[in-house]
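Q: Have a peek at work-v4.cif (mmCIF, C-alpha atoms).
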data_target
loop_
_atom_site.label_atom_id
_atom_site.label_comp_id
_atom_site.auth_asym_id
_atom_site.auth_seq_id
_atom_site.Cartn_x
_atom_site.Cartn_y
_atom_site.Cartn_z
CA MET A 1 -204.55 26.11 -21.44
CA ARG A 2 -206.87 24.65 -18.81
CA ARG A 3 -205.13 24.16 -15.44
CA SER A 4 -206.41 21.42 -13.16
CA ARG A 5 -207.08 22.74 -9.68
CA TYR A 6 -206.61 20.75 -6.50
CA ILE A 7 -209.57 18.70 -5.39
CA SER A 8 -209.45 16.32 -2.46
CA ARG A 9 -209.87 12.61 -3.06
CA ALA A 10 -212.92 12.53 -0.77
CA ARG A 11 -214.58 15.41 -2.65
CA HIS A 12 -213.70 13.74 -5.96
CA HIS A 13 -215.41 10.53 -4.83
CA ALA A 14 -218.46 12.36 -3.47
CA ASP A 15 -219.00 14.34 -6.67
CA ALA A 16 -218.62 11.24 -8.84
CA ASP A 17 -221.03 9.35 -6.58
CA THR A 18 -223.59 12.17 -6.86
CA LEU A 19 -223.37 12.20 -10.66
CA ALA A 20 -223.79 8.41 -10.78
CA LYS A 21 -226.83 8.55 -8.45
CA LEU A 22 -228.53 11.27 -10.49
CA ALA A 23 -227.89 9.34 -13.71
CA ARG A 24 -229.43 6.20 -12.16
CA ARG A 25 -232.53 8.11 -11.10
CA MET A 26 -232.85 9.58 -14.59
CA SER A 27 -232.54 6.11 -16.16
CA GLU A 28 -235.39 4.90 -13.91
CA SER A 29 -237.67 7.84 -14.74
CA GLY A 30 -241.09 7.03 -16.12
CA SER A 31 -242.11 10.46 -17.42
CA ARG A 32 -240.74 13.35 -19.42
CA ILE A 33 -241.33 15.75 -16.50
CA GLU A 34 -239.16 13.61 -14.22
CA ASP A 35 -236.57 13.25 -17.01
CA GLN A 36 -236.32 17.04 -17.26
CA LEU A 37 -235.80 17.45 -13.51
CA TRP A 38 -232.94 14.96 -13.32
CA GLU A 39 -231.48 16.33 -16.54
CA ARG A 40 -231.42 19.89 -15.17
CA ARG A 41 -229.60 18.75 -12.04
CA LEU A 42 -227.10 16.71 -14.01
CA VAL A 43 -226.43 19.49 -16.51
CA GLU A 44 -225.90 22.01 -13.70
CA LEU A 45 -223.40 19.73 -11.94
CA ILE A 46 -221.58 18.73 -15.15
CA ASN A 47 -221.25 22.34 -16.30
CA ASP A 48 -219.93 23.38 -12.90
CA ARG A 49 -217.27 20.66 -12.91
CA LEU A 50 -216.23 21.42 -16.49
CA ALA A 51 -215.97 25.14 -15.75
CA ARG A 52 -213.75 24.42 -12.73
CA GLY A 53 -211.55 21.90 -14.54
CA PHE A 54 -212.79 18.86 -12.61
CA GLU A 55 -213.60 16.67 -15.61
CA GLU A 56 -212.07 13.62 -13.88
CA VAL A 57 -215.18 13.55 -11.67
CA ILE A 58 -217.33 12.90 -14.75
CA ASP A 59 -214.94 10.20 -15.96
CA ALA A 60 -215.06 8.50 -12.56
CA ALA A 61 -218.87 8.45 -12.57
CA LEU A 62 -218.90 7.00 -16.07
CA ASP A 63 -216.40 4.33 -15.05
CA GLU A 64 -218.64 3.34 -12.16
CA LEU A 65 -221.76 3.13 -14.34
CA SER A 66 -220.15 1.39 -17.33
CA SER A 67 -220.41 -2.05 -15.71
CA SER A 68 -223.22 -1.54 -13.20
CA ASN A 69 -225.87 0.37 -15.18
CA PRO A 70 -225.42 0.71 -18.98
CA ARG A 71 -228.59 2.77 -19.42
CA ALA A 72 -227.51 5.33 -16.81
CA TYR A 73 -224.04 5.33 -18.38
CA ASP A 74 -225.54 6.25 -21.76
CA ASP A 75 -227.66 9.02 -20.23
CA LEU A 76 -224.71 10.54 -18.38
CA ALA A 77 -222.38 10.19 -21.37
CA ASP A 78 -224.90 11.93 -23.66
CA LEU A 79 -225.29 14.84 -21.26
CA ALA A 80 -221.53 15.14 -20.66
CA GLU A 81 -220.89 15.27 -24.41
CA SER A 82 -223.63 17.86 -24.88
CA CYS A 83 -222.32 20.06 -22.06
CA ALA A 84 -218.76 19.84 -23.40
CA GLU A 85 -219.70 20.87 -26.94
CA SER A 86 -222.27 23.58 -26.09
CA THR A 87 -222.62 26.33 -23.53
CA THR A 88 -223.98 29.83 -22.99
CA LEU A 89 -222.03 33.06 -23.43
CA GLU A 90 -222.77 36.76 -23.23
CA ILE A 91 -222.44 38.96 -26.33
CA ASP A 92 -223.31 42.67 -26.16
CA GLY A 93 -225.07 42.13 -22.86
CA LYS A 94 -227.33 39.35 -24.17
CA VAL A 95 -227.19 35.61 -23.41
CA ASN A 96 -226.33 33.42 -26.39
CA GLU A 97 -225.90 29.69 -26.92
CA GLY A 98 -223.04 28.14 -28.87
CA LEU A 99 -222.64 24.72 -30.46
CA LEU A 100 -219.33 23.19 -31.52
CA ILE A 101 -219.74 21.36 -34.83
CA ALA A 102 -217.36 19.20 -36.83
CA LEU A 103 -217.20 18.80 -40.60
CA PRO A 104 -215.90 15.27 -41.32
CA VAL A 105 -213.96 14.31 -44.44
CA LEU A 106 -212.80 10.80 -45.39
CA ALA A 107 -209.67 10.61 -47.54
CA TRP A 108 -207.08 8.17 -48.81
CA SER A 109 -203.88 8.60 -50.74
CA ARG A 110 -200.63 6.88 -51.69
CA TYR A 111 -198.96 9.95 -50.27
CA LYS A 112 -199.20 11.67 -46.90
CA LEU A 113 -202.72 12.76 -46.06
CA PRO A 114 -202.90 16.52 -45.40
CA THR A 115 -203.11 18.07 -41.94
CA LEU A 116 -202.44 21.75 -42.40
CA ALA A 117 -203.49 25.30 -41.77
CA LEU A 118 -206.34 26.60 -43.91
CA SER A 119 -205.89 29.95 -45.62
CA PRO A 120 -207.95 32.95 -44.43
CA ALA A 121 -209.85 32.81 -47.73
CA MET A 122 -210.77 29.14 -47.15
CA VAL A 123 -211.85 29.83 -43.58
CA SER A 124 -213.99 32.75 -44.72
CA ASN A 125 -215.55 30.68 -47.51
CA ILE A 126 -216.38 27.81 -45.15
CA ALA A 127 -218.01 30.25 -42.73
CA VAL A 128 -220.07 31.71 -45.59
CA GLN A 129 -221.27 28.23 -46.58
CA ILE A 130 -222.19 27.40 -42.98
CA GLY A 131 -224.24 30.59 -42.86
CA ALA A 132 -225.83 29.91 -46.25
CA HIS A 133 -226.75 26.23 -45.79
CA LEU A 134 -226.65 25.24 -42.11
CA ALA A 135 -227.03 28.06 -39.59
CA ALA A 136 -230.29 29.78 -38.74
CA ARG A 137 -230.88 33.34 -39.90
CA GLY A 138 -228.88 35.83 -37.85
CA ALA A 139 -226.53 33.24 -36.35
CA ARG A 140 -222.85 33.99 -35.79
CA CYS A 141 -220.28 31.50 -37.12
CA ALA A 142 -216.61 30.77 -36.52
CA VAL A 143 -214.16 28.33 -38.13
CA ALA A 144 -210.80 27.03 -36.88
CA ASP A 145 -208.09 27.49 -39.52
CA THR A 146 -206.85 23.89 -39.40
CA LEU A 147 -207.66 20.62 -41.15
CA TYR A 148 -207.36 18.23 -38.19
CA SER A 149 -206.55 14.55 -38.14
CA ILE A 150 -208.46 12.45 -35.61
CA ASP A 151 -205.27 12.28 -33.51
CA GLN A 152 -205.16 16.08 -33.20
CA LEU A 153 -208.73 16.70 -32.05
CA PRO A 154 -209.58 17.45 -28.41
CA GLU A 155 -210.21 14.20 -26.56
CA SER A 156 -211.38 14.78 -22.98
CA PHE A 157 -214.58 16.60 -22.04
CA GLY A 158 -212.46 19.48 -20.72
CA GLU A 159 -210.46 19.76 -23.94
CA VAL A 160 -213.67 19.77 -25.99
CA ARG A 161 -215.13 22.52 -23.79
CA ASP A 162 -211.93 24.58 -24.19
CA ALA A 163 -212.06 24.22 -27.99
CA ALA A 164 -215.75 25.12 -28.02
CA GLU A 165 -215.28 28.22 -25.89
CA ALA A 166 -212.37 29.39 -28.07
CA LEU A 167 -214.53 29.11 -31.18
CA PHE A 168 -217.52 30.76 -29.48
CA GLY A 169 -215.27 33.69 -28.61
CA SER A 170 -214.15 33.93 -32.23
CA ALA A 171 -217.78 33.87 -33.39
CA ALA A 172 -218.35 37.01 -31.32
CA GLN A 173 -215.38 38.67 -33.05
CA ASP A 174 -213.98 38.04 -36.54
CA GLY A 175 -215.14 34.44 -37.08
CA ARG A 176 -211.67 32.91 -37.50
CA LEU A 177 -209.84 30.93 -34.82
CA LYS A 178 -206.11 30.73 -35.46
CA ILE A 179 -204.53 27.47 -34.26
CA ASP A 180 -200.81 27.17 -33.45
CA PRO A 181 -199.55 24.19 -35.50
CA LYS A 182 -196.92 23.48 -32.82
CA SER A 183 -199.70 22.74 -30.33
CA LEU A 184 -200.98 19.80 -32.39
CA ARG A 185 -199.85 16.19 -32.09
CA GLU A 186 -198.14 14.50 -35.03
CA PRO A 187 -200.82 12.42 -36.82
CA VAL A 188 -200.41 8.69 -37.34
CA ALA A 189 -199.71 7.91 -41.01
CA MET A 190 -202.57 5.91 -42.54
CA LEU A 191 -203.55 4.96 -46.07
CA ALA A 192 -207.12 6.07 -45.35
CA ASP A 193 -208.21 8.28 -42.49
CA SER A 194 -210.64 10.99 -41.43
CA ARG A 195 -210.00 14.73 -41.41
CA TYR A 196 -212.06 17.38 -39.65
CA VAL A 197 -212.78 21.08 -39.80
CA LEU A 198 -214.06 22.51 -36.51
CA ALA A 199 -216.59 25.32 -36.44
CA ALA A 200 -219.13 26.96 -34.16
CA ILE A 201 -222.64 28.34 -34.51
CA VAL A 202 -223.78 30.91 -31.93
CA VAL A 203 -227.40 32.11 -31.60
CA PRO A 204 -229.49 34.03 -29.05
CA GLN A 205 -230.58 31.76 -26.20
CA GLY A 206 -233.62 29.69 -27.17
CA ALA A 207 -233.32 30.50 -30.89
CA PRO A 208 -232.94 27.81 -33.58
CA ILE A 209 -229.39 26.69 -34.36
CA TYR A 210 -230.07 25.37 -37.87
CA HIS A 211 -232.12 27.07 -40.55
CA TRP A 212 -234.46 24.08 -41.04
CA GLN A 213 -235.52 24.50 -37.38
CA GLN A 214 -236.94 27.96 -38.05
CA THR A 215 -240.67 28.57 -38.03
CA GLY A 216 -242.14 28.34 -41.52
CA VAL A 217 -239.27 26.26 -42.90
CA ASP A 218 -240.01 22.68 -43.93
CA PRO A 219 -237.95 20.39 -41.62
CA ASP A 220 -237.31 18.19 -44.68
CA ALA A 221 -235.25 21.07 -46.08
CA LYS A 222 -232.41 19.64 -43.98
CA THR A 223 -231.61 16.94 -46.56
CA ALA A 224 -231.11 19.36 -49.44
CA ALA A 225 -229.20 21.80 -47.23
CA ILE A 226 -226.76 19.14 -46.05
CA GLU A 227 -226.13 17.91 -49.60
CA ALA A 228 -225.56 21.44 -50.85
CA PHE A 229 -223.13 22.14 -48.02
CA ARG A 230 -221.18 18.93 -48.64
CA GLU A 231 -220.82 19.83 -52.31
CA GLN A 232 -219.60 23.34 -51.48
CA LEU A 233 -217.13 22.13 -48.83
CA ALA A 234 -215.70 19.55 -51.25
CA GLY A 235 -215.01 22.34 -53.72
CA ILE A 236 -213.37 24.52 -51.07
CA LEU A 237 -211.09 21.72 -49.83
CA ALA A 238 -210.15 20.36 -53.27
CA PRO A 239 -206.97 22.50 -53.56
CA VAL A 240 -205.52 21.07 -50.32
CA MET A 241 -206.58 17.48 -51.07
CA THR A 242 -204.33 17.05 -54.10
CA GLY A 243 -203.34 13.42 -54.61
CA CYS A 244 -206.28 12.22 -52.49
CA ARG A 245 -209.62 10.66 -53.07
CA PHE A 246 -211.96 12.15 -50.51
CA ARG A 247 -215.60 12.29 -49.49
CA VAL A 248 -217.27 14.96 -47.34
CA LEU A 249 -219.72 13.62 -44.77
CA ALA A 250 -222.67 15.39 -43.18
CA PRO A 251 -221.70 18.00 -40.56
CA ASN A 252 -223.03 17.58 -37.03
CA ALA A 253 -222.39 18.41 -33.40
CA PHE A 254 -218.82 17.50 -32.43
CA HIS A 255 -219.29 14.07 -30.84
CA ALA A 256 -222.00 12.93 -33.27
CA ALA A 257 -219.81 13.92 -36.23
CA LEU A 258 -216.86 11.94 -34.84
CA ARG A 259 -219.02 8.84 -34.43
CA LEU A 260 -220.27 9.21 -38.00
CA GLY A 261 -216.69 9.60 -39.24
CA ASP A 262 -215.54 6.49 -37.36
CA ARG A 263 -218.40 4.38 -38.69
CA GLU A 264 -218.14 5.53 -42.31
CA LEU A 265 -214.34 5.17 -42.29
CA ARG A 266 -214.55 1.38 -41.87
CA GLU A 267 -215.96 0.55 -45.29
CA PHE A 268 -214.14 3.49 -46.85
CA SER A 269 -210.79 2.13 -45.59
CA LEU A 270 -211.49 -1.31 -47.01
CA ASP A 271 -212.43 0.19 -50.36
CA ALA A 272 -209.25 2.31 -50.25
CA ALA A 273 -207.04 -0.71 -49.55
CA ILE A 274 -208.38 -2.64 -52.54
CA SER A 275 -208.18 0.40 -54.81
CA PHE A 276 -204.62 1.11 -53.65
CA LEU A 277 -203.46 -2.41 -54.51
CA LYS A 278 -205.14 -2.22 -57.90
CA LEU A 279 -203.75 1.21 -58.79
CA SER A 280 -200.26 0.81 -57.35
CA TYR A 281 -199.53 -2.83 -58.14
CA GLU A 282 -202.09 -3.74 -60.81
CA LEU A 283 -203.52 -6.44 -58.54
CA ASP A 284 -207.03 -7.33 -59.60
CA PRO A 285 -209.41 -8.10 -56.69
CA SER A 286 -210.01 -11.56 -58.18
CA THR A 287 -206.36 -12.42 -57.40
CA LEU A 288 -206.72 -11.42 -53.74
CA GLN A 289 -208.15 -13.03 -50.65
CA ALA A 290 -209.08 -11.64 -47.26
CA THR A 291 -208.65 -13.04 -43.77
CA VAL A 292 -210.93 -11.73 -41.02
CA ALA A 293 -210.39 -12.18 -37.29
CA ALA A 294 -211.45 -10.68 -33.98
CA TYR A 295 -208.82 -9.01 -31.80
CA GLU A 296 -209.22 -8.35 -28.08
CA GLU A 297 -207.14 -6.86 -25.28
CA LYS A 298 -207.96 -9.47 -22.66
CA ARG A 299 -209.91 -12.69 -22.82
CA ASP A 300 -212.39 -11.50 -20.18
CA LEU A 301 -213.24 -8.33 -22.14
CA PRO A 302 -215.49 -7.96 -25.20
CA THR A 303 -213.87 -8.03 -28.63
CA THR A 304 -212.20 -4.70 -29.29
CA GLU A 305 -212.02 -4.72 -33.09
CA MET A 306 -211.99 -6.81 -36.24
CA ARG A 307 -208.89 -6.85 -38.43
CA ILE A 308 -208.73 -7.80 -42.09
CA GLY A 309 -205.56 -9.06 -43.72
CA ILE A 310 -205.38 -8.94 -47.52
CA SER A 311 -203.06 -11.32 -49.34
CA ARG A 312 -202.58 -12.74 -52.80
CA VAL A 313 -204.13 -16.12 -53.46
CA ALA A 314 -200.78 -17.39 -54.78
CA ASP A 315 -198.93 -16.34 -51.61
CA ASP A 316 -201.45 -16.39 -48.80
CA ASP A 317 -199.02 -16.35 -45.87
CA VAL A 318 -197.90 -12.80 -46.71
CA VAL A 319 -200.32 -10.02 -45.83
CA ILE A 320 -199.77 -7.18 -48.28
CA GLU A 321 -202.36 -4.76 -46.84
CA GLY A 322 -204.50 -4.62 -43.72
CA VAL A 323 -207.57 -2.79 -42.46
CA VAL A 324 -208.80 -2.25 -38.89
CA TRP A 325 -212.60 -2.44 -38.46
CA PRO A 326 -213.58 -1.04 -35.01
CA LEU A 327 -216.77 -2.55 -33.64
CA LEU A 328 -218.17 0.76 -32.30
CA GLY A 329 -220.84 -0.99 -30.28
CA ASP A 330 -221.80 -3.46 -33.02
CA ASP A 331 -221.77 -7.15 -32.24
CA GLU A 332 -219.18 -9.37 -33.86
CA GLU A 333 -221.62 -11.40 -35.96
CA ARG A 334 -223.18 -8.34 -37.55
CA SER A 335 -219.75 -6.86 -38.26
CA LEU A 336 -218.64 -10.09 -39.96
CA GLU A 337 -221.68 -9.92 -42.22
CA GLU A 338 -220.93 -6.28 -43.12
CA ILE A 339 -217.26 -7.03 -43.79
CA GLU A 340 -218.02 -10.02 -46.02
CA ALA A 341 -220.66 -8.07 -47.94
CA THR A 342 -218.21 -5.18 -48.48
CA LEU A 343 -215.41 -7.52 -49.62
CA LYS A 344 -217.68 -9.24 -52.12
CA ARG A 345 -218.89 -5.89 -53.43
CA LEU A 346 -215.26 -4.95 -53.99
CA GLY A 347 -214.60 -8.14 -55.92
CA ILE A 348 -212.94 -10.34 -53.26
CA ASN A 349 -214.85 -13.60 -52.98
CA ARG A 350 -212.24 -15.76 -51.23
CA ILE A 351 -212.63 -14.97 -47.52
CA VAL A 352 -211.15 -16.84 -44.55
CA THR A 353 -212.68 -16.21 -41.11
CA HIS A 354 -210.90 -17.34 -37.96
CA ALA A 355 -213.14 -18.39 -35.08
CA HIS A 356 -210.52 -17.92 -32.36
CA ARG A 357 -209.60 -14.55 -30.87
CA PHE A 358 -206.23 -12.90 -31.46
CA PRO A 359 -204.48 -10.71 -28.87
CA LEU A 360 -204.57 -7.00 -29.68
CA GLU A 361 -200.95 -6.60 -30.79
CA TYR A 362 -198.88 -4.04 -32.64
CA CYS A 363 -195.44 -4.07 -34.21
CA ASP A 364 -192.75 -3.49 -31.58
CA ASP A 365 -190.64 -1.46 -34.03
CA CYS A 366 -193.08 0.83 -35.82
CA GLY A 367 -196.26 0.57 -33.74
CA ALA A 368 -198.42 -0.52 -36.70
CA PRO A 369 -201.14 -3.12 -36.09
CA VAL A 370 -200.52 -6.70 -37.17
CA PHE A 371 -203.08 -8.58 -39.27
CA PRO A 372 -204.26 -12.18 -39.64
CA ASN A 373 -203.22 -14.46 -42.50
CA PRO A 374 -205.07 -17.60 -43.64
CA SER A 375 -202.69 -19.82 -41.67
CA GLY A 376 -203.89 -18.28 -38.40
CA HIS A 377 -200.93 -16.05 -37.57
CA SER A 378 -200.75 -12.31 -36.93
CA VAL A 379 -198.15 -10.77 -39.22
CA HIS A 380 -196.82 -7.40 -40.26
CA THR A 381 -197.95 -6.17 -43.68
CA GLU A 382 -195.37 -6.50 -46.49
CA PRO A 383 -195.89 -4.57 -49.75
CA PRO A 384 -195.58 -6.63 -52.94
CA GLU A 385 -191.99 -6.81 -54.17
CA ASP A 386 -193.12 -6.98 -57.78
CA GLY A 387 -195.45 -4.47 -59.41
CA THR A 388 -195.24 -0.99 -60.77
CA GLU A 389 -195.32 0.80 -57.38
CA GLN A 390 -196.89 3.70 -59.26
CA PRO A 391 -200.57 4.40 -59.69
CA VAL A 392 -201.95 3.43 -63.08
CA SER A 393 -204.29 6.42 -62.93
CA PRO A 394 -203.99 9.60 -60.88
CA LEU A 395 -205.85 10.23 -57.64
CA HIS A 396 -207.91 13.37 -57.54
#
For the structure just supplied, provide its representation as C-alpha cells.

A:
Amino acid sequence: MRRSRYISRARHHADADTLAKLARRMSESGSRIEDQLWERRLVELINDRLARGFEEVIDAALDELSSSNPRAYDDLADLAESCAESTTLEIDGKVNEGLLIALPVLAWSRYKLPTLALSPAMVSNIAVQIGAHLAARGARCAVADTLYSIDQLPESFGEVRDAAEALFGSAAQDGRLKIDPKSLREPVAMLADSRYVLAAIVVPQGAPIYHWQQTGVDPDAKTAAIEAFREQLAGILAPVMTGCRFRVLAPNAFHAALRLGDRELREFSLDAAISFLKLSYELDPSTLQATVAAYEEKRDLPTTEMRIGISRVADDDVVIEGVVWPLLGDDEERSLEEIEATLKRLGINRIVTHAHRFPLEYCDDCGAPVFPNPSGHSVHTEPPEDGTEQPVSPLH
C-alpha cells in the first residue's frame, strides 16, 4: 500500500505552482518542438511526484488551472493520466514500457450484478485473447483476477499508478495478478452499471504496444481486431454474467476506457430501465412517460447531471424508475436532445422537460438519487404495486 510521505506546505505549494506554470507554457506553445520540451519537463516532474507519493501536488495544480486556464488544465490532466497508467520497468536487464488497460462491460439485471474473482482459467484465456488480438508480437500480458465495479477501481493518480505497477510486475512473471476481495469496496447496487477487467501490456521500450501499430500491418486492422476481441471476451465472461444482459465495449488505456464506459452507460441505462419495466411488470413503453430535469450542486456551478424520472401516464406523480445521465462535458441542450431521441427510440413519446434546476439530492435513508416527476417535485422511486414482478422472458 502506498504510504504518503511528509512534505512541507511550502514545498507542496511550490511544486504545484511549477506544474501549473509548465502547463500554461505548454498550452501557449506554437510548435511541436516546443510542445515536446514542455511535455518532457512535465512528465519528468509528474513521474517523480507519483513515485514519491506526492500526488496531491498534481491535484493542487489541476485545481488552480481548472478555473484560470482550461486548456492548460486539459494538457496537464492528459499527461497526469498517461503517467499514472504507464511507466517504464526493467525486465532481464532491459528497459520495458507498460500500459494499464481496462476492458469495459455494460450490464443490467433484475438481480445483483456480479463483482467477483475470475477463475485462473478465465484469467489465462483473457490473457491469450489480448495476445492474439490486441498486443504487439512478443509483448508480455497480465490480467487481474477480478471483475471490478466502477466503485472498486483505483481513483487517484497514485492508486492508478500502484495498480499499473502491480500488473506490470505480474506481466514479468506469471501473467496473473491476484486481488484480495477484502481490499475492495462494496459496490453500489444499480439496475445497470459498468464492470471492468484490468490488464497490462508490457513491451520493450520504443516498441509498438498494439499489433496494428507494427510495421507492415495495415492500421485499419484495428477495427477487426477490436471486434474479434470483444466477441471472445463476451464468450469468456458469459458464465459469470448469468441473469444479465451485457455488452462488451472496446478495450483501451485505463482512463480512456473509463470515459467510454461512462458515456456508453447513459443510453444503456435508459434502455435497461424501459426493458426492466416491460419484462418485470408488463408495462408497455406506450403507457409510460418520462420527466427530464437538470440537477446541480450549487446555483453558481454548472449543471452536474440530468435525471430522468419514468412514470405511468395514469399515475404521473409516482416515479417508478429513474436514470441518471451525467453530462461528462456535454452541454445541457445537446444532452436533452440525446435523451429525447433515446426515449422516442425506446417507444416513450410523452416527455416532460423542466426548465428550472433541481438541487442535487439523495434519499436520506438509503442514499439513492431522487428523480423528477411531471408535477415538478423530486421524489424517491416506487416500484409498481401491481404487476407480475417476474420477468416475462429470461435475461441472458

Q: Considering all atoms listed in the file, state which residue in the set A:Leu270, A:Ala294, A:Met26, A:Ala135 is at the smallest distance from Phe358 in chain A.

A: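 Result for the nearest residue to Phe358 in chain A: A:Ala294.
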
Q: Can you give me, as JSON, numbers by chain, the residues this file yields under the PyMOL selection byres ((chain A and resi 228) around 12)?

A: {"A": [129, 130, 132, 133, 134, 221, 222, 223, 224, 225, 226, 227, 229, 230, 231, 232, 233, 234, 235, 248, 249, 250, 251]}

Q: Please expand the PyMOL selection byres ((chain A and resi 39) around 10) into the concrete residues it hits in this file, giving the result as a ChimeraX atom specification.

A: /A:22-23,25-26,33-38,40-45,75-76,79

Q: Contacts of Val123 in chain A at 8 Å or less, counting only C-alpha atoms, minus same-chain residues fewer than 4 places along, as a list in words?

A: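 Non-adjacent residues within range: Leu118, Ser119, Ala127, Val143, Ala144, Asp145 and Arg176 of chain A.
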
Q: CA of Gln289 in chain A and CA of Val313 in chain A are how many Å apart?

A: 5.8 Å

Q: What is the distance, in Å and to one decimal place, between CA of Phe254 in chain A and CA of Glu85 in chain A?

A: 6.5 Å

Q: Here's the selection I'm unsure about, the PyMOL selection byres ((chain A and resi 269) around 10); applied to the file above, which residues does it give, as a count of residues only?

A: 23

Q: Would you compute an axis-aligned box for range 108-126 of chain A, covering every atom listed for it in the file with 3 Å of margin on each side, and report centre and edge lengths in Å to one decimal as lines of an AutoDock Vina configuration file?

A:
center_x = -207.7
center_y = 19.9
center_z = -46.7
size_x = 23.4
size_y = 32.1
size_z = 15.9

Q: Using all atoms listed in the file, what residues lie at most 10 Å away from (-202.5, -12.4, -37.7) (file coordinates), given as JSON, numbers by chain?

A: {"A": [291, 292, 293, 294, 295, 307, 308, 309, 317, 319, 354, 358, 359, 360, 361, 369, 370, 371, 372, 373, 374, 375, 376, 377, 378, 379, 380, 381]}

Q: Within 10 Å of Glu90 in chain A, counting all atoms listed in the file, which residues show up once you throw out same-chain ones fewer than 2 positions away? Write them as a JSON list (two decimals) with C-alpha atoms, in the coordinates of the input, please.

A:
[["chain", "number", "residue", "atom", "x", "y", "z"],
["A", 88, "THR", "CA", -223.98, 29.83, -22.99],
["A", 92, "ASP", "CA", -223.31, 42.67, -26.16],
["A", 93, "GLY", "CA", -225.07, 42.13, -22.86],
["A", 94, "LYS", "CA", -227.33, 39.35, -24.17],
["A", 95, "VAL", "CA", -227.19, 35.61, -23.41],
["A", 96, "ASN", "CA", -226.33, 33.42, -26.39],
["A", 97, "GLU", "CA", -225.90, 29.69, -26.92],
["A", 169, "GLY", "CA", -215.27, 33.69, -28.61],
["A", 172, "ALA", "CA", -218.35, 37.01, -31.32],
["A", 204, "PRO", "CA", -229.49, 34.03, -29.05],
["A", 205, "GLN", "CA", -230.58, 31.76, -26.20]]

Q: Work out how far CA of Ala72 in chain A is from CA of Ser27 in chain A, in Å to one decimal.

A: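 If I compute the distance from CA of Ser27 in chain A to CA of Ala72 in chain A, I get 5.1 Å.
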
Q: If we count all atoms listed in the file, what is near Ala200 in chain A at a cut-off of 6 Å, once residues fewer than 3 positions away on the same chain are taken out, given as an mmCIF file with C-alpha atoms, in the coordinates of the input?

A:
data_model
loop_
_atom_site.group_PDB
_atom_site.id
_atom_site.type_symbol
_atom_site.label_atom_id
_atom_site.label_comp_id
_atom_site.auth_asym_id
_atom_site.auth_seq_id
_atom_site.Cartn_x
_atom_site.Cartn_y
_atom_site.Cartn_z
ATOM 1 C CA LEU A 99 -222.640 24.720 -30.460
ATOM 2 C CA LEU A 100 -219.330 23.190 -31.520
ATOM 3 C CA ILE A 101 -219.740 21.360 -34.830
ATOM 4 C CA CYS A 141 -220.280 31.500 -37.120
ATOM 5 C CA ALA A 142 -216.610 30.770 -36.520
ATOM 6 C CA LEU A 167 -214.530 29.110 -31.180
#

Q: Gln152 in chain A: which residues within 12 Å, counting all atoms listed in the file, same-chain residues fewer than 2 positions away excluded, as a list in words?

A: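 Within the cut-off, the hits are Thr115, Leu116, Thr146, Leu147, Tyr148, Ser149, Ile150, Pro154, Glu155, Glu159, Val160, Ala163, Ile179, Asp180, Pro181, Lys182, Ser183, Leu184, Arg185, Glu186, Pro187, Val188, Ser194, Arg195, Tyr196, Val197 and Leu198 of chain A.
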
Q: Counting all atoms listed in the file, figure out which residue out of A:Gln213, A:Asn252, A:Ser67, A:Thr242 gets nearest to Leu103 in chain A.

A: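 Using all atoms listed in the file, the shortest distance to Leu103 in chain A belongs to A:Asn252.
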
Q: Give me, as a ChimeraX atom specification, all polymer residues having an atom no more than 8 Å from Ile236 in chain A, counting all atoms listed in the file and skipping those fewer than 4 positions away in the same chain.

A: /A:122,125-126,232

Q: Taking into account only C-alpha atoms, which residue in the set A:Thr87, A:Ser124, A:Thr353, A:Ser109 is nearest to Ala166 in chain A?

A: A:Thr87
